[in-house]
>>> print(open('run-v7.cif').read())   # mmCIF, C-alpha atoms
data_data
#
loop_
_atom_site.label_atom_id
_atom_site.label_comp_id
_atom_site.auth_asym_id
_atom_site.auth_seq_id
_atom_site.Cartn_x
_atom_site.Cartn_y
_atom_site.Cartn_z
CA MET A 1 13.06 10.91 28.80
CA ASN A 2 12.51 12.20 25.26
CA HIS A 3 10.09 10.34 23.03
CA TYR A 4 10.90 9.96 19.36
CA TYR A 5 9.61 7.65 16.72
CA SER A 6 11.24 5.27 14.38
CA LEU A 7 12.05 6.39 10.90
CA LYS A 8 9.07 7.15 8.79
CA PHE A 9 7.20 4.08 7.80
CA LEU A 10 7.25 5.61 4.31
CA PHE A 11 3.70 4.46 4.09
CA THR A 12 5.66 1.32 3.12
CA PHE A 13 3.31 -1.22 1.70
CA ALA A 14 0.36 -0.16 3.66
CA ILE A 15 -0.31 2.52 1.13
CA LEU A 16 1.17 0.69 -1.75
CA SER A 17 -2.30 0.16 -3.07
CA ASN A 18 -2.92 3.76 -3.92
CA VAL A 19 0.70 4.34 -4.75
CA CYS A 20 0.95 1.44 -7.18
CA MET A 21 -2.33 2.40 -8.72
CA LEU A 22 -1.20 5.97 -9.23
CA VAL A 23 2.23 4.92 -10.50
CA GLN A 24 0.61 2.60 -13.02
CA TRP A 25 -1.84 5.27 -14.06
CA SER A 26 1.10 7.66 -14.33
CA ASN A 27 3.03 5.21 -16.49
CA ALA A 28 0.04 4.83 -18.75
CA PHE A 29 -0.22 8.59 -19.11
CA GLN A 30 3.43 8.76 -20.04
CA LEU A 31 2.82 6.22 -22.76
CA SER A 32 0.22 8.53 -24.23
CA SER A 33 2.47 11.59 -23.70
CA SER A 34 -0.03 13.17 -21.31
CA SER A 35 2.38 14.40 -18.68
CA SER A 36 0.03 17.15 -17.66
CA VAL A 37 -2.51 14.56 -16.59
CA ASN A 38 0.07 12.84 -14.44
CA ASN A 39 0.90 16.13 -12.76
CA ASN A 40 -2.77 16.79 -12.15
CA ASN A 41 -3.27 13.39 -10.54
CA ASN A 42 -0.29 13.91 -8.27
CA ASN A 43 -1.56 17.31 -7.20
CA ASN A 44 -5.05 16.02 -6.52
CA ASN A 45 -4.13 13.08 -4.33
CA ASN A 46 -2.63 14.32 -1.06
CA HIS A 47 -1.82 10.85 0.27
CA LYS A 48 0.48 10.13 -2.64
CA LYS A 49 2.40 13.40 -2.97
CA LYS A 50 6.15 13.06 -2.72
CA ASN A 51 6.51 15.59 0.02
CA HIS A 52 3.23 14.90 1.78
CA ILE A 53 3.38 15.21 5.57
CA PHE A 54 0.80 13.80 7.92
CA GLN A 55 0.20 12.95 11.55
CA HIS A 56 -1.73 10.09 13.10
CA ASN A 57 -3.37 10.34 16.53
CA ASN A 58 -0.74 12.84 17.69
CA ILE A 59 1.81 10.13 18.41
CA PHE A 60 3.51 9.79 15.06
CA CYS A 61 6.12 12.18 13.82
CA ARG A 62 6.03 13.92 10.45
CA GLN A 63 7.28 12.00 7.49
CA LYS A 64 7.94 12.29 3.80
CA PHE A 65 6.71 9.75 1.33
CA LEU A 66 9.17 8.98 -1.42
CA SER A 67 6.93 7.42 -4.03
CA SER A 68 9.73 6.81 -6.48
CA PHE A 69 11.18 4.14 -4.19
CA LEU A 70 8.12 1.93 -4.34
CA PRO A 71 7.97 -0.86 -6.91
CA VAL A 72 5.02 -1.08 -9.27
CA THR A 73 3.05 -4.23 -8.55
CA ALA A 74 -0.65 -4.84 -8.28
CA LEU A 75 -3.32 -2.21 -7.77
CA VAL A 76 -4.28 -2.65 -4.19
CA THR A 77 -5.84 -0.74 -1.40
CA ASN A 78 -5.18 2.74 -0.19
CA THR A 79 -3.61 2.87 3.22
CA LEU A 80 -1.47 5.03 5.36
CA THR A 81 0.90 2.96 7.36
CA THR A 82 2.46 5.01 10.04
CA LYS A 83 5.32 3.91 12.19
CA PRO A 84 5.86 2.26 15.54
CA GLN A 85 6.71 4.32 18.53
CA ILE A 86 10.21 4.13 19.86
CA CYS A 87 11.84 5.76 22.86
CA LEU A 88 15.41 6.96 22.57
CA ALA A 89 16.81 7.03 26.07
CA ASP A 90 19.56 9.21 27.35
CA ASP A 91 23.05 7.75 27.27
CA ALA A 92 22.74 6.73 30.90
CA ASN A 93 20.67 3.63 31.39
CA PRO A 94 20.24 3.08 35.13
CA GLY A 95 17.94 0.11 34.83
CA ALA A 96 20.09 -1.83 32.41
CA GLN A 97 18.57 -5.06 31.25
CA ALA A 98 20.35 -8.33 30.82
CA GLU A 99 22.48 -8.49 27.70
CA GLN A 100 20.09 -10.79 25.89
CA ALA A 101 16.90 -8.98 26.86
CA VAL A 102 14.74 -7.49 24.13
CA GLN A 103 15.56 -3.84 23.58
CA VAL A 104 12.83 -1.24 23.22
CA LEU A 105 15.16 1.64 24.13
CA ALA A 106 18.03 2.83 21.98
CA THR A 107 20.97 3.89 24.13
CA GLY A 108 24.58 4.91 23.79
CA GLU A 109 26.17 4.13 20.44
CA ILE A 110 22.97 2.55 19.13
CA LYS A 111 21.07 5.75 19.84
CA LYS A 112 23.65 7.78 17.90
CA LEU A 113 23.55 5.39 14.97
CA PHE A 114 19.78 5.34 14.96
CA ASN A 115 19.63 9.13 14.82
CA GLU A 116 22.13 9.04 11.98
CA GLY A 117 19.94 6.61 10.07
CA ARG A 118 16.90 8.80 10.61
CA ALA A 119 18.85 11.80 9.32
CA PHE A 120 19.77 9.95 6.14
CA GLU A 121 16.14 9.04 5.60
CA GLN A 122 15.01 12.61 6.03
CA GLN A 123 17.53 13.55 3.35
CA GLY A 124 16.13 10.87 1.05
CA ASN A 125 19.32 8.79 1.19
CA ILE A 126 17.59 5.46 1.80
CA ALA A 127 20.57 3.33 0.82
CA ALA A 128 22.75 5.01 3.44
CA ALA A 129 19.99 4.66 6.02
CA GLN A 130 19.71 0.98 5.21
CA ARG A 131 23.43 0.48 5.80
CA ILE A 132 23.12 2.18 9.19
CA TYR A 133 20.12 0.10 10.24
CA GLY A 134 21.85 -3.05 9.04
CA LYS A 135 24.79 -2.18 11.27
CA ILE A 136 22.41 -1.59 14.18
CA THR A 137 20.86 -5.04 13.81
CA LYS A 138 24.34 -6.57 14.03
CA LEU A 139 25.39 -4.53 17.05
CA ALA A 140 22.03 -4.85 18.81
CA PRO A 141 20.21 -7.86 17.32
CA ARG A 142 17.56 -7.69 20.05
CA PHE A 143 16.58 -4.08 19.32
CA ILE A 144 13.03 -4.18 17.93
CA TYR A 145 13.10 -0.94 15.99
CA GLY A 146 16.45 -1.59 14.40
CA TRP A 147 14.77 -4.44 12.52
CA ALA A 148 11.57 -2.49 11.87
CA SER A 149 13.55 0.42 10.44
CA LEU A 150 15.71 -1.90 8.35
CA GLY A 151 12.52 -3.42 6.94
CA ASN A 152 11.25 0.02 5.96
CA THR A 153 14.35 0.82 3.95
CA GLN A 154 14.37 -2.62 2.34
CA VAL A 155 10.79 -2.07 1.21
CA ALA A 156 11.68 1.34 -0.16
CA LEU A 157 14.51 -0.19 -2.19
CA GLY A 158 12.37 -3.07 -3.43
CA ALA A 159 13.98 -5.87 -1.42
CA LEU A 160 10.70 -7.46 -0.36
CA LEU A 161 11.86 -10.86 0.89
CA PRO A 162 14.56 -9.42 3.17
CA ALA A 163 12.05 -6.80 4.33
CA GLU A 164 9.58 -9.51 5.30
CA LYS A 165 12.26 -11.22 7.37
CA SER A 166 13.13 -7.95 9.08
CA TYR A 167 9.49 -7.24 9.93
CA SER A 168 9.07 -10.80 11.18
CA THR A 169 12.07 -10.42 13.47
CA ALA A 170 10.65 -7.16 14.82
CA ILE A 171 7.28 -8.85 15.40
CA ASP A 172 8.86 -11.79 17.23
CA LEU A 173 10.90 -9.47 19.45
CA CYS A 174 7.88 -7.30 20.20
CA ILE A 175 5.85 -10.36 21.21
CA GLU A 176 8.70 -11.62 23.37
CA SER A 177 9.08 -8.22 25.00
CA ASN A 178 5.41 -8.09 25.92
CA LYS A 179 5.64 -11.51 27.57
CA GLU A 180 8.30 -10.26 29.96
CA GLU A 181 7.28 -9.00 33.36
CA GLU A 182 6.42 -5.32 33.23
CA LYS A 183 8.93 -3.14 35.09
CA PHE A 184 8.60 0.41 36.28
CA GLY A 185 10.26 2.87 33.91
CA VAL A 186 10.82 0.25 31.20
CA PRO A 187 8.70 0.96 28.08
CA ARG A 188 6.66 -1.75 26.44
CA CYS A 189 6.44 -2.54 22.75
CA ASN A 190 3.06 -0.97 21.99
CA ASP A 191 3.29 -1.08 18.21
CA LEU A 192 2.64 -4.72 17.42
CA TYR A 193 -0.46 -3.93 15.38
CA LEU A 194 1.58 -1.59 13.16
CA LEU A 195 4.25 -4.20 12.62
CA TYR A 196 1.58 -6.74 11.59
CA LEU A 197 -0.03 -4.12 9.37
CA ASN A 198 3.23 -3.49 7.54
CA ARG A 199 4.14 -7.11 7.11
CA GLY A 200 0.61 -7.93 6.02
CA SER A 201 0.63 -5.10 3.49
CA LEU A 202 3.98 -6.25 2.18
CA ARG A 203 2.74 -9.82 1.82
CA LEU A 204 -0.37 -8.53 0.12
CA ASN A 205 1.84 -7.06 -2.58
CA ASN A 206 4.23 -9.97 -2.78
CA GLY A 207 1.94 -12.82 -3.82
CA MET A 208 1.03 -14.01 -0.33
CA PRO A 209 -2.68 -13.14 0.05
CA LYS A 210 -3.48 -15.83 2.63
CA GLU A 211 -0.58 -14.90 4.88
CA ALA A 212 -1.37 -11.23 4.37
CA LEU A 213 -4.95 -11.73 5.51
CA LYS A 214 -3.79 -13.44 8.71
CA ASP A 215 -1.47 -10.53 9.52
CA LEU A 216 -4.14 -7.95 8.80
CA GLU A 217 -6.71 -9.78 10.91
CA MET A 218 -4.16 -9.77 13.72
CA ALA A 219 -3.54 -6.05 13.22
CA ASP A 220 -7.28 -5.41 13.43
CA ASN A 221 -7.64 -7.46 16.60
CA LEU A 222 -4.74 -5.68 18.27
CA ARG A 223 -5.99 -2.27 17.21
CA ALA A 224 -9.34 -3.07 18.86
CA ARG A 225 -11.18 -0.26 17.12
CA PRO A 226 -12.06 0.62 13.52
CA ASP A 227 -9.02 1.82 11.62
CA ALA A 228 -9.40 2.97 8.01
CA ILE A 229 -5.84 1.99 7.14
CA ILE A 230 -6.26 -1.57 8.35
CA LEU A 231 -9.71 -1.86 6.80
CA GLN A 232 -8.47 -0.83 3.36
CA ASN A 233 -5.69 -3.39 3.43
CA ARG A 234 -7.83 -6.14 4.90
CA ALA A 235 -10.53 -5.46 2.31
CA ARG A 236 -7.99 -6.00 -0.43
CA ALA A 237 -6.69 -9.17 1.22
CA ARG A 238 -10.22 -10.50 1.57
CA GLU A 239 -10.91 -9.63 -2.04
CA LEU A 240 -7.82 -11.49 -3.26
CA ASN A 241 -8.86 -14.50 -1.21
CA GLY A 242 -12.34 -14.45 -2.74
CA TYR A 243 -14.20 -13.22 0.35
CA TYR A 244 -16.14 -10.57 -1.55
CA VAL A 245 -18.93 -9.97 0.97
CA ALA A 246 -16.43 -9.36 3.77
CA ALA A 247 -14.29 -7.25 1.45
CA ASP A 248 -17.28 -5.11 0.49
CA ARG A 249 -18.04 -4.55 4.16
CA ASP A 250 -14.49 -3.43 4.91
CA TYR A 251 -14.32 -1.18 1.87
CA SER A 252 -17.64 0.44 2.77
CA VAL A 253 -16.58 1.20 6.33
CA ALA A 254 -13.22 2.55 5.16
CA ILE A 255 -14.95 4.80 2.64
CA SER A 256 -17.33 6.06 5.30
CA MET A 257 -14.33 6.97 7.47
CA THR A 258 -12.58 8.82 4.62
CA SER A 259 -15.59 10.03 2.65
CA ASN A 260 -14.27 13.56 2.17
CA GLU A 261 -11.43 12.41 -0.06
CA VAL A 262 -11.86 10.11 -3.03
CA ALA A 263 -8.99 7.64 -3.21
CA PRO A 264 -7.99 4.98 -5.75
CA PHE A 265 -9.07 2.18 -3.41
CA TRP A 266 -12.65 3.32 -4.10
CA LEU A 267 -12.21 1.75 -7.52
CA ARG A 268 -11.51 -1.60 -5.86
CA SER A 269 -14.68 -1.19 -3.83
CA ALA A 270 -16.67 -0.56 -7.01
CA LEU A 271 -15.29 -3.71 -8.63
CA VAL A 272 -16.23 -5.78 -5.60
CA LYS A 273 -19.74 -4.34 -5.58
CA PHE A 274 -20.17 -5.35 -9.21
CA GLN A 275 -18.88 -8.83 -8.41
CA LEU A 276 -21.66 -9.05 -5.80
CA GLY A 277 -24.32 -7.87 -8.25
CA ASP A 278 -24.62 -4.24 -7.13
CA LEU A 279 -24.20 -2.56 -10.52
CA LEU A 280 -25.74 0.76 -9.49
CA GLY A 281 -23.58 0.99 -6.37
CA ALA A 282 -20.51 0.19 -8.45
CA LEU A 283 -21.35 2.86 -11.02
CA ASP A 284 -21.95 5.46 -8.33
CA LEU A 285 -18.52 4.86 -6.80
CA ILE A 286 -16.67 4.69 -10.10
CA ARG A 287 -18.18 7.99 -11.24
CA ARG A 288 -16.78 9.67 -8.15
CA VAL A 289 -13.36 8.16 -8.85
CA GLU A 290 -13.62 9.37 -12.45
CA ASN A 291 -14.24 12.92 -11.28
CA LYS A 292 -10.86 12.89 -9.57
CA PHE A 293 -8.89 10.72 -12.00
CA PRO A 294 -10.70 11.34 -15.32
CA GLU A 295 -7.94 10.14 -17.66
CA ALA A 296 -6.62 7.16 -15.75
CA PRO A 297 -6.78 4.17 -18.12
CA GLU A 298 -8.00 1.74 -15.48
CA VAL A 299 -10.79 4.08 -14.44
CA ARG A 300 -11.90 4.43 -18.06
CA ALA A 301 -11.73 0.67 -18.57
CA ALA A 302 -13.77 0.03 -15.42
CA ILE A 303 -16.45 2.56 -16.34
CA ALA A 304 -16.69 1.18 -19.85
CA THR A 305 -17.03 -2.35 -18.48
CA LEU A 306 -19.80 -1.34 -16.09
CA LEU A 307 -21.62 0.54 -18.87
CA MET A 308 -21.36 -2.60 -20.98
CA ALA A 309 -22.94 -4.58 -18.15
CA LYS A 310 -25.70 -1.97 -17.95
CA GLY A 311 -26.50 -2.52 -21.64
CA ASP A 312 -25.23 0.83 -22.90
CA GLN A 313 -22.86 -0.67 -25.44
CA GLU A 314 -22.37 2.45 -27.57
CA THR A 315 -21.34 4.64 -24.62
CA ALA A 316 -19.18 1.81 -23.29
CA ARG A 317 -17.33 1.55 -26.61
CA LYS A 318 -16.73 5.30 -26.75
CA LYS A 319 -15.43 5.42 -23.19
CA TYR A 320 -13.18 2.41 -23.72
CA LEU A 321 -11.70 3.80 -26.93
CA GLU A 322 -10.66 6.95 -25.06
CA ILE A 323 -7.81 4.84 -23.68
CA PRO A 324 -4.66 5.12 -25.85
CA ASP A 325 -4.08 2.01 -27.97
CA ARG A 326 -0.99 0.71 -26.23
CA ALA A 327 -2.49 1.06 -22.75
CA ARG A 328 -5.83 -0.32 -23.90
CA LEU A 329 -4.42 -3.52 -25.36
CA LYS A 330 -3.22 -4.53 -21.90
CA TYR A 331 -6.86 -5.23 -21.05
CA VAL A 332 -6.84 -8.12 -23.50
CA ASP A 333 -3.94 -9.74 -21.65
CA SER A 334 -5.30 -12.24 -19.12
CA SER A 335 -2.09 -12.21 -17.09
CA TYR A 336 -2.36 -8.44 -16.72
CA LEU A 337 -5.99 -8.67 -15.64
CA ASN A 338 -5.47 -11.54 -13.21
CA SER A 339 -2.00 -10.91 -11.82
CA VAL A 340 -1.25 -7.21 -12.15
CA ILE A 341 -4.51 -5.34 -11.60
CA SER A 342 -6.30 -8.46 -10.27
CA TRP A 343 -9.84 -7.63 -11.33
CA PRO A 344 -12.63 -9.84 -9.98
CA PRO A 345 -13.94 -12.60 -12.32
CA LYS A 346 -17.20 -10.88 -13.24
CA MET A 347 -15.39 -7.72 -14.32
CA ILE A 348 -12.96 -9.72 -16.46
CA GLU A 349 -15.80 -11.66 -18.06
CA THR A 350 -17.74 -8.51 -18.94
CA LEU A 351 -14.62 -6.75 -20.16
CA ALA A 352 -13.98 -9.60 -22.59
CA THR A 353 -17.25 -8.86 -24.39
CA LEU A 354 -16.21 -5.22 -24.67
CA THR A 355 -12.73 -5.91 -26.03
CA GLU A 356 -14.28 -8.25 -28.56
CA ALA A 357 -16.83 -5.60 -29.59
CA VAL A 358 -14.15 -2.97 -30.29
CA GLY A 359 -11.89 -5.43 -32.12
CA ASP A 360 -9.03 -5.42 -29.63
CA ASN A 361 -8.92 -9.19 -29.37
CA GLN A 362 -8.22 -9.46 -33.08
CA LYS A 363 -5.74 -6.62 -32.95
CA MET A 364 -3.86 -8.28 -30.13
CA LEU A 365 -3.79 -11.55 -32.07
CA GLU A 366 -2.35 -9.81 -35.10
CA LEU A 367 0.32 -8.12 -33.03
CA SER A 368 1.29 -11.37 -31.37
CA THR A 369 1.77 -13.12 -34.73
CA ASP A 370 3.56 -10.21 -36.41
CA PRO A 371 7.33 -10.63 -35.94
CA THR A 372 7.91 -7.01 -36.92
CA SER A 373 5.62 -5.55 -34.24
CA SER A 374 7.24 -4.05 -31.16
CA SER A 375 6.61 -5.69 -27.80
CA MET A 376 3.92 -4.31 -25.50
#
>>> encode(input="run-v7.cif", output="structure tokens")
Amino acid sequence: MNHYYSLKFLFTFAILSNVCMLVQWSNAFQLSSSSSVNNNNNNNNNHKKKNHIFQHNNIFCRQKFLSSFLPVTALVTNTLTTKPQICLADDANPGAQAEQAVQVLATGEIKKLFNEGRAFEQQGNIAAAQRIYGKITKLAPRFIYGWASLGNTQVALGALLPAEKSYSTAIDLCIESNKEEEKFGVPRCNDLYLLYLNRGSLRLNNGMPKEALKDLEMADNLRARPDAIILQNRARARELNGYYVAADRDYSVAISMTSNEVAPFWLRSALVKFQLGDLLGALDLIRRVENKFPEAPEVRAAIATLLMAKGDQETARKKYLEIPDRARLKYVDSSYLNSVISWPPKMIETLATLTEAVGDNQKMLELSTDPTSSSM
């Protein structure tokens, strides 16, 4: 029997944190016409490159990450969601299960369709792949990885609510499969933690932090060993739910497991440390992020805010004013701070003193009352 794996998990939402952060930073660079900076950031961050290929524990196949498919939402954690294992059986299926049994194996026509869907994905034709996987779920509604693969493509195309339903169906089928009596030669669904990780990461980026945390806790329990991908996502979920001490612990362990490569989620860790009163620890982390992403507006804003908290107002002002005007004025917008980048309360409070000091609050007020000014 040949062992293959479901279509690439596209890093789906489990790496959306870094991806969204980089896309937002990229958008900000475009606003300031600094395309060379955007190219530099993309080249420096291997986990976000469009054609990046990686392997995980020797059981996951190579995959491409198509960053342009991912919607820009909040800045969240850096993760690398892989994909669940799936076995594609030969056309013959000697130990055929009852018609309504959960399917872990793809056989016959379903196997052919599944391979066709995977081929479309490898070509970057996600819409065509989605149509194939949608057809598979109709022909074989009890096939776990038909739903998981459909969810991947729905995420890639920005259909988050349908994707959540698809992941939920895959989770329910996987659980049901594992409750059945184990039979010789019949594979088990061994990827439940990955399915929870993906649904939790999706929920994390779709305004469902409480539900996301439950999924990510479940993923951690099922994984039964430290996993940097899960830790990064769970840290973000804990942060959004206000559990800063626990979030700091997860971020710290994740950083220790990936210490050779600075990633955007390190910025989130720095913000949490500041929220907990560790200004020096926050500055140390943010400086390392700055070395890799020196012109990212959010990095500049965070450094300036921490310098303001340290009492170095002049340096804080200079650093903050390095941000182009249009990008900088976003940091006066409370909805942007609370709902888009979701900074912790202490960071937002300190930032407010900085924006007041440089006159951005007044400038924003003038723009908002000037009918001739263009929208932000």
>>> resolve_selection(input="run-v7.cif", expression="the PyMOL selection byres ((chain A and resi 123-138) around 10)", output="MDAnalysis selection string")
chainID A and resid 7 64:66 69 106 109:111 113:122 139:154 156:157 166
>>> closest_residue(input="run-v7.cif", among="A:Ile230, A:Cys174, A:Val299, A:Val332", to="Lys319 (chain A)", atoms="all atoms listed in the file")
A:Val299
>>> closest_residue(input="run-v7.cif", among="A:Asn260, A:Gln362, A:Ser342, A:Thr369", to="Asn241 (chain A)", atoms="only C-alpha atoms")
A:Ser342
>>> atom_distance(input="run-v7.cif", atom1="CA of Thr258 (chain A)", atom2="CA of Pro226 (chain A)")
12.1 Å
>>> closest_residue(input="run-v7.cif", among="A:Ala263, A:Lys214, A:Pro344, A:Asn190", to="Asn178 (chain A)", atoms="all atoms listed in the file")
A:Asn190
>>> resolve_selection(input="run-v7.cif", expression="the PyMOL selection byres ((chain A and resi 320) around 10)", output="number ranges by chain")
A: 297-305, 307-308, 314-319, 321-324, 328, 351, 354-355, 358
>>> resolve_selection(input="run-v7.cif", expression="the PyMOL selection byres ((chain A and resi 215) around 10)", output="number ranges by chain")
A: 193, 195-201, 203-204, 209-214, 216-221, 234, 237
>>> write_last_selection(input="run-v7.cif", atoms="C-alpha atoms", output="PDB file, keeping the file's coordinate frame")
ATOM      1  CA  TYR A 193      -0.460  -3.930  15.380  1.00  0.00           C
ATOM      2  CA  LEU A 195       4.250  -4.200  12.620  1.00  0.00           C
ATOM      3  CA  TYR A 196       1.580  -6.740  11.590  1.00  0.00           C
ATOM      4  CA  LEU A 197      -0.030  -4.120   9.370  1.00  0.00           C
ATOM      5  CA  ASN A 198       3.230  -3.490   7.540  1.00  0.00           C
ATOM      6  CA  ARG A 199       4.140  -7.110   7.110  1.00  0.00           C
ATOM      7  CA  GLY A 200       0.610  -7.930   6.020  1.00  0.00           C
ATOM      8  CA  SER A 201       0.630  -5.100   3.490  1.00  0.00           C
ATOM      9  CA  ARG A 203       2.740  -9.820   1.820  1.00  0.00           C
ATOM     10  CA  LEU A 204      -0.370  -8.530   0.120  1.00  0.00           C
ATOM     11  CA  PRO A 209      -2.680 -13.140   0.050  1.00  0.00           C
ATOM     12  CA  LYS A 210      -3.480 -15.830   2.630  1.00  0.00           C
ATOM     13  CA  GLU A 211      -0.580 -14.900   4.880  1.00  0.00           C
ATOM     14  CA  ALA A 212      -1.370 -11.230   4.370  1.00  0.00           C
ATOM     15  CA  LEU A 213      -4.950 -11.730   5.510  1.00  0.00           C
ATOM     16  CA  LYS A 214      -3.790 -13.440   8.710  1.00  0.00           C
ATOM     17  CA  LEU A 216      -4.140  -7.950   8.800  1.00  0.00           C
ATOM     18  CA  GLU A 217      -6.710  -9.780  10.910  1.00  0.00           C
ATOM     19  CA  MET A 218      -4.160  -9.770  13.720  1.00  0.00           C
ATOM     20  CA  ALA A 219      -3.540  -6.050  13.220  1.00  0.00           C
ATOM     21  CA  ASP A 220      -7.280  -5.410  13.430  1.00  0.00           C
ATOM     22  CA  ASN A 221      -7.640  -7.460  16.600  1.00  0.00           C
ATOM     23  CA  ARG A 234      -7.830  -6.140   4.900  1.00  0.00           C
ATOM     24  CA  ALA A 237      -6.690  -9.170   1.220  1.00  0.00           C
TER      25      ALA A 237
END
>>> atom_distance(input="run-v7.cif", atom1="CA of Val272 (chain A)", atom2="CA of Val245 (chain A)")
8.2 Å
>>> build_atoms(input="run-v7.cif", residues="region 236-251 of chain A", atoms="N, CA and C atoms", output="mmCIF file, keeping the file's coordinate frame")
data_model
loop_
_atom_site.group_PDB
_atom_site.id
_atom_site.type_symbol
_atom_site.label_atom_id
_atom_site.label_comp_id
_atom_site.auth_asym_id
_atom_site.auth_seq_id
_atom_site.Cartn_x
_atom_site.Cartn_y
_atom_site.Cartn_z
ATOM 1 N N ARG A 236 -8.710 -5.505 0.737
ATOM 2 C CA ARG A 236 -7.990 -6.000 -0.430
ATOM 3 C C ARG A 236 -7.569 -7.458 -0.243
ATOM 4 N N ALA A 237 -7.089 -7.788 0.947
ATOM 5 C CA ALA A 237 -6.690 -9.170 1.220
ATOM 6 C C ALA A 237 -7.887 -10.108 1.122
ATOM 7 N N ARG A 238 -9.015 -9.685 1.661
ATOM 8 C CA ARG A 238 -10.220 -10.500 1.570
ATOM 9 C C ARG A 238 -10.665 -10.648 0.128
ATOM 10 N N GLU A 239 -10.546 -9.578 -0.624
ATOM 11 C CA GLU A 239 -10.910 -9.630 -2.040
ATOM 12 C C GLU A 239 -10.045 -10.648 -2.787
ATOM 13 N N LEU A 240 -8.731 -10.571 -2.572
ATOM 14 C CA LEU A 240 -7.820 -11.490 -3.260
ATOM 15 C C LEU A 240 -8.042 -12.938 -2.851
ATOM 16 N N ASN A 241 -8.568 -13.140 -1.659
ATOM 17 C CA ASN A 241 -8.860 -14.500 -1.210
ATOM 18 C C ASN A 241 -10.279 -14.938 -1.565
ATOM 19 N N GLY A 242 -11.007 -14.093 -2.281
ATOM 20 C CA GLY A 242 -12.340 -14.450 -2.740
ATOM 21 C C GLY A 242 -13.454 -14.213 -1.751
ATOM 22 N N TYR A 243 -13.179 -13.507 -0.663
ATOM 23 C CA TYR A 243 -14.200 -13.220 0.350
ATOM 24 C C TYR A 243 -14.847 -11.864 0.038
ATOM 25 N N TYR A 244 -15.652 -11.840 -1.012
ATOM 26 C CA TYR A 244 -16.140 -10.570 -1.550
ATOM 27 C C TYR A 244 -17.128 -9.864 -0.621
ATOM 28 N N VAL A 245 -17.967 -10.602 0.054
ATOM 29 C CA VAL A 245 -18.930 -9.970 0.970
ATOM 30 C C VAL A 245 -18.190 -9.267 2.099
ATOM 31 N N ALA A 246 -17.218 -9.956 2.687
ATOM 32 C CA ALA A 246 -16.430 -9.360 3.770
ATOM 33 C C ALA A 246 -15.601 -8.187 3.252
ATOM 34 N N ALA A 247 -15.073 -8.336 2.035
ATOM 35 C CA ALA A 247 -14.290 -7.250 1.450
ATOM 36 C C ALA A 247 -15.150 -6.020 1.227
ATOM 37 N N ASP A 248 -16.354 -6.232 0.728
ATOM 38 C CA ASP A 248 -17.280 -5.110 0.490
ATOM 39 C C ASP A 248 -17.588 -4.393 1.801
ATOM 40 N N ARG A 249 -17.760 -5.154 2.854
ATOM 41 C CA ARG A 249 -18.040 -4.550 4.160
ATOM 42 C C ARG A 249 -16.878 -3.690 4.633
ATOM 43 N N ASP A 250 -15.661 -4.199 4.495
ATOM 44 C CA ASP A 250 -14.490 -3.430 4.910
ATOM 45 C C ASP A 250 -14.306 -2.173 4.056
ATOM 46 N N TYR A 251 -14.450 -2.340 2.752
ATOM 47 C CA TYR A 251 -14.320 -1.180 1.870
ATOM 48 C C TYR A 251 -15.345 -0.105 2.231
#
